[in-house]
Every structure is written in structure tokens, then in C-alpha cells.
Amino acid sequence: MAATRVLGSTPSICRACTRVSKPMARRGYATMSNDIYDVICVGGGPAGLSLLAALRANPVTSNLRVALIEAQDLTKSSVLSLPPSKFSNRCSSLTPYSAQFLNSIGAWSHLQRDRIQAYQEMQVWDGVTGARIEFDWPTQGTEKTIAYMTENLNLTSGLLGRIRELGGVDIFENSKVEQIQLGEETEEMDLRSWPVVQLSNGKTLTARLLVGADGANSPVRSFAGIESRGWDYGRHGVVATLELEGEGWGGEYTKTAYQRFLPTGPVAMLPMPGNFATLVWSTTPANAALLKRLAPKDFIAVVNAAFRLSPVDLAYMHSQNEGQDEEYQWRMQHTQTNPRMLPQAVVGVQEGTVASFPLKFRHADTYIGERVALVGDAAHTIHPLAGQGLNQGQADVQSLVGAIEYAVSHGQDLGTQMWLESYNSERYAANHVLMGVCDKLHKLYSVESGPLVPLRSMGLKAVNALGPLKGFLMAQASGSGAKVI
């Protein structure tokens, strides 16, 4: 991908402090050297691409010199060429708040809209007791969207399309970060506090602000000396693209997401366009390994069983190496269900989409350092049961862009920690609360017996009966509610 370079006026730089030597109303940000940037973002995922698109789309920050470093070939992310009947297994749930942000930076229109599925209702229930909460909007009100499901590839290709449209981003793809160190003092500038990134292609780039959007094993975070603490859940997330027997009980225009909390972890079926859905199943590594090697008909049987049979029956099916289809058919003859309270039956699984990944909890001690900021998975990794990981990253980006905009508009150095503090204080507490809630829910529903089981069932039933509380939770889930932090 060709990089487009946009240079502003070249200020004279004070060697001692790197400040513009002549009095000016606003700091000059477009630096004079070809390898020095105002903002360098490491990582070309949704968070990093959103950051660059937002900076280029904002009139206040559009003259900043920005660059993207990505280890992979972005050509694969820039074109979504799957047919309408095929979907990637890497999908995310976007809240209306995240969708509004993407629209505000001009990226939403670049997504393939026929590959986005809104859903308006959620069914969540306890796999042990059957206690249930139904997240549906009041019938007398205007129907609202809880979230939008789309493939990560659709999102990244749309963001890349918007960045190409805006121009002005130097892209270094197929380039791994070999080393990050502090710069040196030269005759022109004092760069001793500025990060210098050495790439695998031999290039060296210097950043006024280095942003790590480079995932859970972030080199940027390591350079900044920021610790990331947490634990492994001992669970794997199994994903797959499923074909259902129909478009859902509500038809084309009212879609429902389903989630059942099993003792081994929650299983969720989230609607995609047409009669397709994406599966996200948190389960043990042994169960995940079995699911990945099952024949398609047996895999389909286990997925259907996960939403219909008792945990005991499901555990037995997991103990078998084959024959789950026959076992499921026999057990369903002796199991009473209400089909309308469950997702429609799975009739197919897209070839090559069954995969798994380990689940972890990680939270960095801080999101900022001197001339360093972390966003997305580089700052935090959350359990997927609430589908909020990508939305957290988008909220990080929106907040960081606001901090950068404020520094630029007030003629300040956008890379100094003082001007990044507003981003850290706004996002750290909010993310910490959400991560804590998801972690506690996972642990609460991992209990199979004891006093917690009836107590959690009473809690679900109480929330389901209290309309205002349920409405508040739905508004928080969709990102449209009042901030609690």
C-alpha cells in the first residue's frame, strides 16, 4: 500500500527543548525530518485504524504528521471478498455508541452494510436452574438496537478505506518492531525523551507520541515499562460460523442474541445477516479440542445441545469422541423445551471456521507514560461474555483523540504525560469496572452447586421483573446509557 505523505510548514526547532523558537499562537506539529512524526501508531487492528482515521478526520488534528506500523500485510485487510453466504469467524459486537463514533469519523459508510446485522433483543439464562432474563425494549416504545454484529474484517477494511480517502497517513506494513529506544540529542533537536522505533525493514522512526495498539503482548507497553497484570481463565473461546434453519423467530427485522451460562462457561449465538449466526463458546481446553476435531454433524449436535440439554447430558456428549448426533437425537426425545425461547436449530457449520483461543484477564497498571499511550488490547483484555472488548478499544480511541485535540488546540506538546492524563483518568476507571463485572459474572456462573446457585437465579428473576433496572442494564449494554463512572 503506497504511503501518502503530507507535510505542514517546517518550524525552527530549539535544540534544548524541541519547542518552536519563535513566538507562535499555536505549536507547530508537522516536524521537519522525514522520519519524525507527531503520532506513530503500532498496530493496524480496529483500535489503531480508528485512531488514525479520527486524527485525520478532525480539523484540529488533521495537520499532524502520523504513521502506522503493522507487522502483517494490510492488503488482506483492505478487501473483503467473501460471498454473501460466507462469513469470517472473527466477529465483534458494536454498540450504537461505537457505531456513532465510527460514523462521526466517516468510516461507517465504508463498511459493507449488507454484512452488518443489528439485533434488538437478548435472551440470557442460567444453564443449571433455567432462570432467565429477557432483554427486550418496551412494545409501546420505538424499537432500539442493542448492538450490531459484523466481521472484524469488514471493520478493518472500512477503516482502511476511510484512511485512503483522507490520505496523509504513512503506512509501514509488513514491518515488525525490532526495537524501541529513546532518541538522542542532535544539533537540530533534543530527542532524548522521544521514542525511536527500529523496524525489521531497516527504517527508523521517531515519535512525539507513540501509541500502542499492538495487542496483549504489546512491544510499546514493554518499552514504556508498564506492567500488565491478571490471570488466565483456564478456558478457551470456541468460535464458528453457523447456518440456522431460519432467519430467527422475529424474522428479518427483529433479531435476538442468545447466551446460556453453563458451568464450564457461557455459550452465545449472535445473529448475522440472513439465516447465519456466529458462535462464541467459553469452555474447557479439553472440550474446545474435542469440538475442533468433531465431524460437522456431531459438532452441530453439540452446539444445539448446548442450548437445550442439561449440563449433565452435555458433559456426557463431551466425553464421547464421536456419535454426538445420534446421542443428541435420542436425548431430545426425552427433553421438553420451548422452541420460541431458544435459538433456531443449527443445520450447518461453515467449513474452516471452527477455531479457539485462550481466554485471559489482563489490565495494564496505567495507559500512559512519557510520550506513550496504550489503547485496546494493549491496555486491557476482557472476558468475551459481554462482547465489550472491541467497544472498550473504540472508547479508548475516542478519549485519546480528545486529549490530543485539546493539547493541539491549546498549543501544547501532545506527547507529554501531563496532557495525556485526562485520557488515562477517563478510561482506566471505566474499563476497570466493566472488566470486574465480567470477571465476577464468569466466576459466579462457574459454580454448579451450593447456595450461590439459587441466589443467582433469584437475582436474574428479580432483574427480569424490574422494568426500570432492566432498561438501565440494556442502555448500558448498548452504550446509550448514562456513564456510571
# chains A, B, ... in the order shown; residues from 1 in each chain; ligands from 1
>>> select_by_dssp(residues="stretch 2-251 of chain A", states="strand (DSSP E or B)", output="ChimeraX atom specification")
/A:13,20,36-42,66-69,91-94,116-119,121-126,132-136,147-151,169-172,177-182,185,190,195-199,204-212,228-244
>>> residues_around(residues="stretch 298-308 of chain A", least_positions_apart="5", cutoff="8 Å", atoms="only C-alpha atoms", output="list in words")
Arg260, Val267, Leu291, Leu314, Met317, His318, Glu322, Gly323, Gln324, Asp325, Tyr328, Thr337, Leu342, Pro343, Ala345, Val346, Val347, Gly348 and Val349 of chain A
>>> select_by_dssp(residues="stretch 88-171 of chain A", states="alpha helix (DSSP H)", output="list in words")
Pro96, Tyr97, Ser98, Ala99, Gln100, Phe101, Leu102, Asn103, Ser104, Asn152, Leu153, Asn154, Leu155, Thr156, Ser157, Gly158, Leu159, Leu160, Gly161, Arg162, Ile163, Arg164, Glu165 and Leu166 of chain A
>>> residues_around(residues="A:Leu166", least_positions_apart="4", cutoff="8 Å", atoms="only C-alpha atoms", output="CSV table (one decimal) with all heavy atoms, in the first residue's frame")
chain,number,residue,atom,x,y,z
A,53,ALA,N,-7.8,7.3,11.6
A,53,ALA,CA,-8.9,7.9,10.9
A,53,ALA,C,-9.5,9.1,11.6
A,53,ALA,O,-9.8,10.1,11.0
A,53,ALA,CB,-9.9,6.8,10.6
A,56,ARG,N,-7.1,12.1,11.4
A,56,ARG,CA,-7.1,12.7,10.1
A,56,ARG,C,-8.4,13.4,9.8
A,56,ARG,O,-8.5,14.4,9.0
A,56,ARG,CB,-6.8,11.7,9.0
A,56,ARG,CG,-5.4,11.1,9.1
A,56,ARG,CD,-4.3,12.1,8.7
A,56,ARG,NE,-4.6,12.6,7.3
A,56,ARG,CZ,-4.5,13.9,7.0
A,56,ARG,NH1,-4.2,14.8,8.0
A,56,ARG,NH2,-4.7,14.3,5.8
A,57,ALA,N,-9.5,12.9,10.4
A,57,ALA,CA,-10.8,13.5,10.1
A,57,ALA,C,-11.1,14.7,10.9
A,57,ALA,O,-12.0,15.5,10.6
A,57,ALA,CB,-11.9,12.4,10.3
A,162,ARG,N,-11.5,4.4,4.6
A,162,ARG,CA,-11.6,5.8,5.1
A,162,ARG,C,-10.3,6.5,5.2
A,162,ARG,O,-10.1,7.7,4.8
A,162,ARG,CB,-12.3,5.9,6.4
A,162,ARG,CG,-12.4,7.2,7.1
A,162,ARG,CD,-13.1,8.2,6.2
A,162,ARG,NE,-13.4,9.5,6.8
A,162,ARG,CZ,-13.6,10.7,6.2
A,162,ARG,NH1,-13.6,10.7,4.9
A,162,ARG,NH2,-13.8,11.8,6.9
>>> closest_residue(among="A:Ile36, A:Ala378, A:Ala268, A:Leu182", to="A:Lys203", atoms="only C-alpha atoms")
A:Ile36
>>> residues_around(residues="A:Gly393", least_positions_apart="2", cutoff="12 Å", atoms="only C-alpha atoms", output="VMD selection string")
chain A and resid 45 to 51 92 94 to 95 98 101 212 to 215 367 374 to 382 387 to 391 395 to 400 427 to 428 430 to 431
>>> write_last_selection(atoms="C-alpha atoms", output="PDB file, in the first residue's frame")
ATOM      1  CA  GLY A  45      -6.330  -3.520  14.069  1.00  0.00           C
ATOM      2  CA  PRO A  46      -9.655  -1.751  14.671  1.00  0.00           C
ATOM      3  CA  ALA A  47      -8.298   0.428  17.517  1.00  0.00           C
ATOM      4  CA  GLY A  48      -5.200   1.614  15.669  1.00  0.00           C
ATOM      5  CA  LEU A  49      -7.024   2.271  12.403  1.00  0.00           C
ATOM      6  CA  SER A  50      -9.827   4.137  14.204  1.00  0.00           C
ATOM      7  CA  LEU A  51      -7.256   6.334  15.918  1.00  0.00           C
ATOM      8  CA  SER A  92     -17.477  -8.401  17.050  1.00  0.00           C
ATOM      9  CA  LEU A  94     -20.507  -2.950  18.127  1.00  0.00           C
ATOM     10  CA  THR A  95     -22.678  -0.864  20.424  1.00  0.00           C
ATOM     11  CA  SER A  98     -19.268   2.754  18.891  1.00  0.00           C
ATOM     12  CA  PHE A 101     -18.210   7.211  16.711  1.00  0.00           C
ATOM     13  CA  GLY A 212       0.472   1.058  21.317  1.00  0.00           C
ATOM     14  CA  ALA A 213      -2.497  -0.588  19.635  1.00  0.00           C
ATOM     15  CA  ASP A 214      -0.389  -3.697  19.269  1.00  0.00           C
ATOM     16  CA  GLY A 215      -2.305  -6.300  21.251  1.00  0.00           C
ATOM     17  CA  TYR A 367      -2.438   3.548  29.957  1.00  0.00           C
ATOM     18  CA  LEU A 374      -1.908   2.391  25.115  1.00  0.00           C
ATOM     19  CA  VAL A 375      -5.307   1.575  23.612  1.00  0.00           C
ATOM     20  CA  GLY A 376      -7.373  -1.572  23.139  1.00  0.00           C
ATOM     21  CA  ASP A 377      -5.901  -4.957  23.963  1.00  0.00           C
ATOM     22  CA  ALA A 378      -2.501  -3.405  24.674  1.00  0.00           C
ATOM     23  CA  ALA A 379      -4.145  -1.798  27.718  1.00  0.00           C
ATOM     24  CA  HIS A 380      -6.745  -4.406  28.707  1.00  0.00           C
ATOM     25  CA  THR A 381      -8.016  -7.877  27.838  1.00  0.00           C
ATOM     26  CA  ILE A 382     -11.527  -8.806  28.954  1.00  0.00           C
ATOM     27  CA  GLY A 387     -18.945  -8.701  23.933  1.00  0.00           C
ATOM     28  CA  GLN A 388     -17.368  -5.429  25.055  1.00  0.00           C
ATOM     29  CA  GLY A 389     -13.695  -5.844  24.119  1.00  0.00           C
ATOM     30  CA  LEU A 390     -13.815  -4.007  20.812  1.00  0.00           C
ATOM     31  CA  ASN A 391     -16.127  -1.340  22.211  1.00  0.00           C
ATOM     32  CA  ALA A 395     -13.958   4.274  23.566  1.00  0.00           C
ATOM     33  CA  ASP A 396     -10.224   4.422  24.348  1.00  0.00           C
ATOM     34  CA  VAL A 397      -9.540   5.872  20.915  1.00  0.00           C
ATOM     35  CA  GLN A 398     -12.302   8.454  21.188  1.00  0.00           C
ATOM     36  CA  SER A 399     -10.961   9.624  24.555  1.00  0.00           C
ATOM     37  CA  LEU A 400      -7.324   9.712  23.416  1.00  0.00           C
ATOM     38  CA  ARG A 427     -10.756   5.398  30.585  1.00  0.00           C
ATOM     39  CA  TYR A 428      -8.934   3.452  33.299  1.00  0.00           C
ATOM     40  CA  ALA A 430     -14.476   2.855  33.375  1.00  0.00           C
ATOM     41  CA  ASN A 431     -12.634  -0.136  31.930  1.00  0.00           C
TER      42      ASN A 431
END
>>> closest_residue(among="A:Arg192, A:Lys360, A:Arg65, A:Lys86", to="A:Ser282", atoms="only C-alpha atoms")
A:Lys360
>>> closest_atom_pairs(of="stretch 249-334 of chain A", to="stretch 225-236 of chain A", cutoff="6 Å", atoms="only C-alpha atoms", output="JSON lines")
{"residue": "A:Ser282", "atom": "CA", "partner": "A:His236", "partner_atom": "CA", "distance": 5.6}
{"residue": "A:Thr283", "atom": "CA", "partner": "A:Arg235", "partner_atom": "CA", "distance": 5.3}
{"residue": "A:Thr284", "atom": "CA", "partner": "A:Arg235", "partner_atom": "CA", "distance": 4.7}
{"residue": "A:Pro285", "atom": "CA", "partner": "A:His236", "partner_atom": "CA", "distance": 5.5}
>>> closest_residue(among="A:Ser85, A:Ser193, A:Asn174, A:Ser422", to="A:Leu209", atoms="only C-alpha atoms")
A:Ser193
>>> residues_around(residues="A:Glu134", least_positions_apart="4", cutoff="8 Å", atoms="only C-alpha atoms", output="PyMOL selection string")
chain A and resi 121-124+464
>>> closest_residue(among="A:Asn89, A:Gln412, A:Thr206, A:Ser62", to="A:Leu270", atoms="only C-alpha atoms")
A:Asn89
>>> residues_around(residues="A:Gly183", least_positions_apart="5", cutoff="12 Å", atoms="only C-alpha atoms", output="ChimeraX atom specification")
/A:36,189-198,204-208,371
>>> write_last_selection(atoms="C-alpha atoms", output="compact mmCIF listing (two decimals), in the first residue's frame")
# COMPACT_ATOMS: atom_id res chain seq x y z
CA ILE A 36 9.97 12.13 12.72
CA MET A 189 16.73 18.71 18.15
CA ASP A 190 16.81 17.16 21.58
CA LEU A 191 15.03 13.83 21.20
CA ARG A 192 16.24 12.19 24.39
CA SER A 193 12.66 11.68 25.65
CA TRP A 194 11.22 10.70 22.25
CA PRO A 195 10.64 7.03 21.37
CA VAL A 196 12.63 5.79 18.36
CA VAL A 197 11.21 2.71 16.64
CA GLN A 198 13.51 0.44 14.65
CA THR A 204 13.94 4.11 11.98
CA LEU A 205 11.01 6.31 13.00
CA THR A 206 10.81 8.85 15.83
CA ALA A 207 7.56 9.76 17.59
CA ARG A 208 6.39 12.75 19.54
CA ARG A 371 5.22 10.11 25.07
>>> closest_atom_pairs(of="stretch 170-273 of chain A", to="stretch 443-453 of chain A", cutoff="8 Å", atoms="only C-alpha atoms", output="tab-separated table")
residue	atom	partner	partner_atom	distance
A:Phe261	CA	A:Tyr445	CA	6.2
A:Leu262	CA	A:Tyr445	CA	6.9
A:Pro263	CA	A:Ser446	CA	4.4
A:Thr264	CA	A:Ser446	CA	6.1
A:Gly265	CA	A:Ser446	CA	6.4
>>> atom_distance(atom1="atom CA of A:Gln320", atom2="atom CA of A:Lys292")
13.4 Å
>>> atom_distance(atom1="atom CA of A:Val238", atom2="atom CA of A:Arg293")
12.1 Å
>>> closest_residue(among="A:Ile404, A:Leu294, A:Ala99, A:Ile105", to="A:Ala147", atoms="only C-alpha atoms")
A:Ala99
>>> closest_residue(among="A:Pro59, A:Pro271, A:Gly44, A:Gly130", to="A:Met149", atoms="only C-alpha atoms")
A:Pro271
>>> atom_distance(atom1="atom CA of A:Asp413", atom2="atom CA of A:Leu199")
25.3 Å
